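Participant: Sharing a structure with you now.
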Amino acid sequence: MMRRAGCAFALLLAVLGIAGTAAVWLVASAFGIVASGTFARLVSVAALLLGLLAVLAAVAAGRRLAAPADRLVEASGRIEAGDLSVRVPVRGPAELRSLARAFNAMTSRLEETEERRRSVVAEVAHELRTPLSIIRGQAEAIADGVYPADPERMAPILDAVRGLEVLVDDLTTLGLAEAGALRLRREPVDLAVLVHDTLEAHRAAAEATGITLGADVDPELGPVEVDPARLRGVLSNLVSNARRHSPPGGSVRILARRLANPPTVELRVVDDGEGIPAELLPRVLDRFVKGAGSPGSGLGLAIVRDVVEAHGGGVEVTSAPGEGTTVTLRLPG
């Protein structure tokens with residue numbers, strides 16, 4: 001790049017030198033400083049006029065080229081000052097138009113990122129406020145002697161602390177996923193065992209509300225290369241969601257099978273609960289999106305998506321109000 005710029009500068013100096021020599025000769029000839037005929041003088045005067053017009057045209061063209069560049073410089077200064085709403089007109093030569101489009105796309109992404117950052121900060125603050133209020137209220141009441149420090153009064157504090165731990169873990173996972181640093185410890189895993197262990201962890205809570213848990217795992221599935229801890233967390237999250245949104249007497253099932261083309265392992269968590277509202281469904285995998293009255297933080301399905309995508313797979317959610325929800329995980333198999 002520097003070599004090309006040096007060559008261009010040398011060529012420009014050569015052109016300017018030749019043009020300057022020609023201009024001196026034309027001026028001298030036009031004013032009779034050097035010997036020449038009448039025709040030569042007329043030609044010299046005409047050449048000077050044409051040269052002057054060329055210079056004026058070059059100045060005008062330079063201004064037209066400089067204007068878009070000036071707008072880009074001004075817009076860059078506004079971005080440096082914190083104004084991410086700035087955009088520049090797409091005008092000028094093809095190269096400057098391409099630069100303007102790239103600049104506008106960059107500022108759009110910066111603005112979206114900043115809006116998302118502010119939204120996440122606001123949501124995290126909101127999620128932290130409730131457990132912290134519980135901890136503070138209970139702790140102050142115990143310290144003031146309003147309540148005794150017995151297990152019954154300590155239980156809300158411990159529950160709030162556990163909620164904070166879960167929120168911190170979720171935010172850590174989301175941060176790693178967003179930075180592309182979510183590490184997986186893959187190993188061959190028997191999905192039948194993993195599914196059974198996940199359901200057993202939720203069986204007591206499910207039976208307490210009259211919900212039936214079940215599984216249907218293809219016996220020919222075989223081992224799958226996944227991170228068992230991450231995948232267990234994903235399934236536990238989905239079963240917990242399904243259980244909370246299922247009515248007494250409802251059911252939650254995990255189905256697992258292998259698809260041949262392309263080679264894929266499919267896991268489905270199916271419930272017959274209240275379903276997801278139609279207006280919420282397209283955004284249900286986004287961060288901090290949850291239905292009215294949902295007790296969670298709205299991070300669970302976003303983490304499910306990030307963990308599955310880290311495995312090279314994808315997530316699909318189908319649901320209808322009153323007809324239940326199915327969350328389908330597809331992993332490379």
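By convention here, the chains of the structure tokens are called A, B, ... in the order presented, each chain's residues are numbered starting at 1, and ligands are numbered starting at 1 in the order presented.
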Which residues come within 8 Å of Ala242 of chain A, counting only C-alpha atoms, excluding same-chain residues fewer than 5 positions away, as a ChimeraX atom specification?
Facilitator: /A:252,269-271,273,325
Participant: For those residues, write C-alpha atoms to a file as a short mmCIF file (atom, residue, chain, number, x, y, z; two decimals), in the first residue's frame.
Facilitator:
data_model
loop_
_atom_site.label_atom_id
_atom_site.label_comp_id
_atom_site.auth_asym_id
_atom_site.auth_seq_id
_atom_site.Cartn_x
_atom_site.Cartn_y
_atom_site.Cartn_z
CA VAL A 252 -44.51 -33.57 30.51
CA VAL A 269 -39.88 -31.66 25.50
CA VAL A 270 -43.66 -31.76 25.17
CA ASP A 271 -46.30 -30.54 27.60
CA GLY A 273 -50.06 -26.87 29.48
CA THR A 325 -45.85 -26.36 24.01
#
Participant: Determine, counting only C-alpha atoms, which protein, DNA and RNA residues have an atom within 10 Å of an atom of Gly322 of chain A; residues of the same chain fewer than 5 positions away are not included. Present the result as a VMD selection string.
Facilitator: chain A and resid 246 272 to 277
Participant: Give me, as a Markdown table, each residue of segment 88-133 of chain A that comes within 12 Å of segment 138-157 of chain A, together with its shortest interatomic pair and the distance in Å at one decimal, counting only C-alpha atoms, with rows ordered by chain and rising residue number.
Facilitator:
| residue | atom | partner | partner_atom | distance |
| --- | --- | --- | --- | --- |
| A:Thr130 | CA | A:Ile157 | CA | 11.4 |
| A:Pro131 | CA | A:Ile157 | CA | 8.1 |
| A:Leu132 | CA | A:Ile157 | CA | 9.0 |
| A:Ser133 | CA | A:Gln138 | CA | 8.4 |
Participant: Do a neighbour search on Gly175 of chain A at 12 Å with only C-alpha atoms, toss out local chain neighbours closer than 4 positions, and write the hits as a list in words.
Facilitator: Arg117, Val120, Val168, Asp169, Asp170, Leu171, Ala179, Gly180, Ala181, Leu182, Arg183, Arg287, Leu299, Ala302, Ile303, Asp306 and Val307 of chain A
Participant: Report the residues of segment 113-238 of chain A whose backbone DSSP state falls under helix (DSSP H, G or I), written as an MDAnalysis selection string.
Facilitator: chainID A and resid 113:143 151:178 191:208 228:238
Participant: Using C-alpha atoms, can you write the selected residues to a file as a PDB file, in the first residue's frame?
Facilitator:
ATOM      1  CA  THR A 113     -25.892  -3.000  20.504  1.00  0.00           C
ATOM      2  CA  GLU A 114     -26.145   0.009  22.795  1.00  0.00           C
ATOM      3  CA  GLU A 115     -29.937  -0.318  23.029  1.00  0.00           C
ATOM      4  CA  ARG A 116     -29.573  -4.010  23.826  1.00  0.00           C
ATOM      5  CA  ARG A 117     -26.947  -3.257  26.463  1.00  0.00           C
ATOM      6  CA  ARG A 118     -29.201  -0.700  28.146  1.00  0.00           C
ATOM      7  CA  SER A 119     -32.132  -3.093  28.023  1.00  0.00           C
ATOM      8  CA  VAL A 120     -30.078  -5.902  29.571  1.00  0.00           C
ATOM      9  CA  VAL A 121     -28.804  -3.613  32.338  1.00  0.00           C
ATOM     10  CA  ALA A 122     -32.357  -2.474  33.105  1.00  0.00           C
ATOM     11  CA  GLU A 123     -33.683  -6.049  33.136  1.00  0.00           C
ATOM     12  CA  VAL A 124     -30.839  -7.296  35.347  1.00  0.00           C
ATOM     13  CA  ALA A 125     -31.461  -4.451  37.779  1.00  0.00           C
ATOM     14  CA  HIS A 126     -35.156  -5.368  37.838  1.00  0.00           C
ATOM     15  CA  GLU A 127     -34.411  -9.051  38.425  1.00  0.00           C
ATOM     16  CA  LEU A 128     -31.984  -8.230  41.226  1.00  0.00           C
ATOM     17  CA  ARG A 129     -34.357  -5.858  42.979  1.00  0.00           C
ATOM     18  CA  THR A 130     -36.909  -8.461  44.116  1.00  0.00           C
ATOM     19  CA  PRO A 131     -34.579 -10.958  45.865  1.00  0.00           C
ATOM     20  CA  LEU A 132     -32.516  -8.143  47.357  1.00  0.00           C
ATOM     21  CA  SER A 133     -35.690  -6.557  48.756  1.00  0.00           C
ATOM     22  CA  ILE A 134     -36.676  -9.876  50.312  1.00  0.00           C
ATOM     23  CA  ILE A 135     -33.242 -10.392  51.849  1.00  0.00           C
ATOM     24  CA  ARG A 136     -33.098  -6.862  53.207  1.00  0.00           C
ATOM     25  CA  GLY A 137     -36.632  -6.889  54.571  1.00  0.00           C
ATOM     26  CA  GLN A 138     -36.295 -10.224  56.326  1.00  0.00           C
ATOM     27  CA  ALA A 139     -32.808  -9.476  57.632  1.00  0.00           C
ATOM     28  CA  GLU A 140     -33.856  -6.060  59.040  1.00  0.00           C
ATOM     29  CA  ALA A 141     -36.912  -7.581  60.690  1.00  0.00           C
ATOM     30  CA  ILE A 142     -34.783 -10.252  62.356  1.00  0.00           C
ATOM     31  CA  ALA A 143     -32.152  -7.675  63.393  1.00  0.00           C
ATOM     32  CA  PRO A 151     -35.793 -21.638  60.053  1.00  0.00           C
ATOM     33  CA  GLU A 152     -39.195 -20.319  58.988  1.00  0.00           C
ATOM     34  CA  ARG A 153     -37.958 -16.718  58.846  1.00  0.00           C
ATOM     35  CA  MET A 154     -34.619 -17.647  57.305  1.00  0.00           C
ATOM     36  CA  ALA A 155     -36.207 -19.675  54.502  1.00  0.00           C
ATOM     37  CA  PRO A 156     -37.189 -16.624  52.345  1.00  0.00           C
ATOM     38  CA  ILE A 157     -33.652 -15.277  52.671  1.00  0.00           C
ATOM     39  CA  LEU A 158     -32.133 -18.576  51.554  1.00  0.00           C
ATOM     40  CA  ASP A 159     -34.588 -18.847  48.658  1.00  0.00           C
ATOM     41  CA  ALA A 160     -33.713 -15.324  47.526  1.00  0.00           C
ATOM     42  CA  VAL A 161     -29.988 -16.100  47.743  1.00  0.00           C
ATOM     43  CA  ARG A 162     -30.482 -19.237  45.643  1.00  0.00           C
ATOM     44  CA  GLY A 163     -32.405 -17.146  43.111  1.00  0.00           C
ATOM     45  CA  LEU A 164     -29.507 -14.702  42.946  1.00  0.00           C
ATOM     46  CA  GLU A 165     -27.050 -17.562  42.432  1.00  0.00           C
ATOM     47  CA  VAL A 166     -29.123 -18.893  39.537  1.00  0.00           C
ATOM     48  CA  LEU A 167     -29.347 -15.425  37.989  1.00  0.00           C
ATOM     49  CA  VAL A 168     -25.577 -14.917  38.263  1.00  0.00           C
ATOM     50  CA  ASP A 169     -24.917 -18.344  36.714  1.00  0.00           C
ATOM     51  CA  ASP A 170     -27.359 -17.575  33.882  1.00  0.00           C
ATOM     52  CA  LEU A 171     -25.765 -14.202  33.187  1.00  0.00           C
ATOM     53  CA  THR A 172     -22.311 -15.806  33.169  1.00  0.00           C
ATOM     54  CA  THR A 173     -23.450 -18.402  30.641  1.00  0.00           C
ATOM     55  CA  LEU A 174     -25.049 -15.737  28.457  1.00  0.00           C
ATOM     56  CA  GLY A 175     -21.910 -13.601  28.602  1.00  0.00           C
ATOM     57  CA  LEU A 176     -19.702 -16.529  27.583  1.00  0.00           C
ATOM     58  CA  ALA A 177     -22.054 -17.450  24.743  1.00  0.00           C
ATOM     59  CA  GLU A 178     -22.190 -13.893  23.435  1.00  0.00           C
ATOM     60  CA  LEU A 191     -29.174 -39.962  26.245  1.00  0.00           C
ATOM     61  CA  ALA A 192     -31.542 -42.515  27.781  1.00  0.00           C
ATOM     62  CA  VAL A 193     -29.654 -42.256  31.084  1.00  0.00           C
ATOM     63  CA  LEU A 194     -29.396 -38.476  30.853  1.00  0.00           C
ATOM     64  CA  VAL A 195     -33.127 -38.099  30.177  1.00  0.00           C
ATOM     65  CA  HIS A 196     -34.015 -40.513  33.005  1.00  0.00           C
ATOM     66  CA  ASP A 197     -31.780 -38.647  35.505  1.00  0.00           C
ATOM     67  CA  THR A 198     -33.280 -35.298  34.505  1.00  0.00           C
ATOM     68  CA  LEU A 199     -36.833 -36.510  34.995  1.00  0.00           C
ATOM     69  CA  GLU A 200     -36.008 -38.105  38.325  1.00  0.00           C
ATOM     70  CA  ALA A 201     -34.663 -34.789  39.595  1.00  0.00           C
ATOM     71  CA  HIS A 202     -38.100 -33.232  38.915  1.00  0.00           C
ATOM     72  CA  ARG A 203     -40.319 -36.157  39.850  1.00  0.00           C
ATOM     73  CA  ALA A 204     -41.042 -35.182  43.459  1.00  0.00           C
ATOM     74  CA  ALA A 205     -42.024 -31.617  42.511  1.00  0.00           C
ATOM     75  CA  ALA A 206     -44.132 -32.900  39.617  1.00  0.00           C
ATOM     76  CA  GLU A 207     -45.986 -35.450  41.751  1.00  0.00           C
ATOM     77  CA  ALA A 208     -46.724 -32.751  44.326  1.00  0.00           C
ATOM     78  CA  PRO A 228     -23.458 -33.836  29.575  1.00  0.00           C
ATOM     79  CA  ALA A 229     -23.570 -31.073  32.212  1.00  0.00           C
ATOM     80  CA  ARG A 230     -24.691 -28.427  29.722  1.00  0.00           C
ATOM     81  CA  LEU A 231     -27.283 -30.685  28.086  1.00  0.00           C
ATOM     82  CA  ARG A 232     -28.631 -31.814  31.470  1.00  0.00           C
ATOM     83  CA  GLY A 233     -29.040 -28.147  32.382  1.00  0.00           C
ATOM     84  CA  VAL A 234     -30.910 -27.518  29.122  1.00  0.00           C
ATOM     85  CA  LEU A 235     -33.325 -30.421  29.653  1.00  0.00           C
ATOM     86  CA  SER A 236     -33.815 -29.532  33.319  1.00  0.00           C
ATOM     87  CA  ASN A 237     -34.642 -25.967  32.340  1.00  0.00           C
ATOM     88  CA  LEU A 238     -37.198 -27.123  29.771  1.00  0.00           C
TER      89      LEU A 238
END
Participant: Hey, what's within 9 Å of segment 98-110 of chain A if we count only C-alpha atoms and toss same-chain stuff fewer than 6 positions away? As a PyMOL selection string, please?
Facilitator: chain A and resi 68+72+79+84-91
Participant: For atom CA of Asp216 of chain A and atom CA of Asp190 of chain A, quote the distance in Å rounded to one decimal.
Facilitator: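 Pair atom CA of Asp216 of chain A / atom CA of Asp190 of chain A returns 13.7 Å.
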Participant: Would you compute the distance between atom CA of Arg283 of chain A and atom CA of Pro263 of chain A? Give it in Å to one decimal.
Facilitator: 28.1 Å
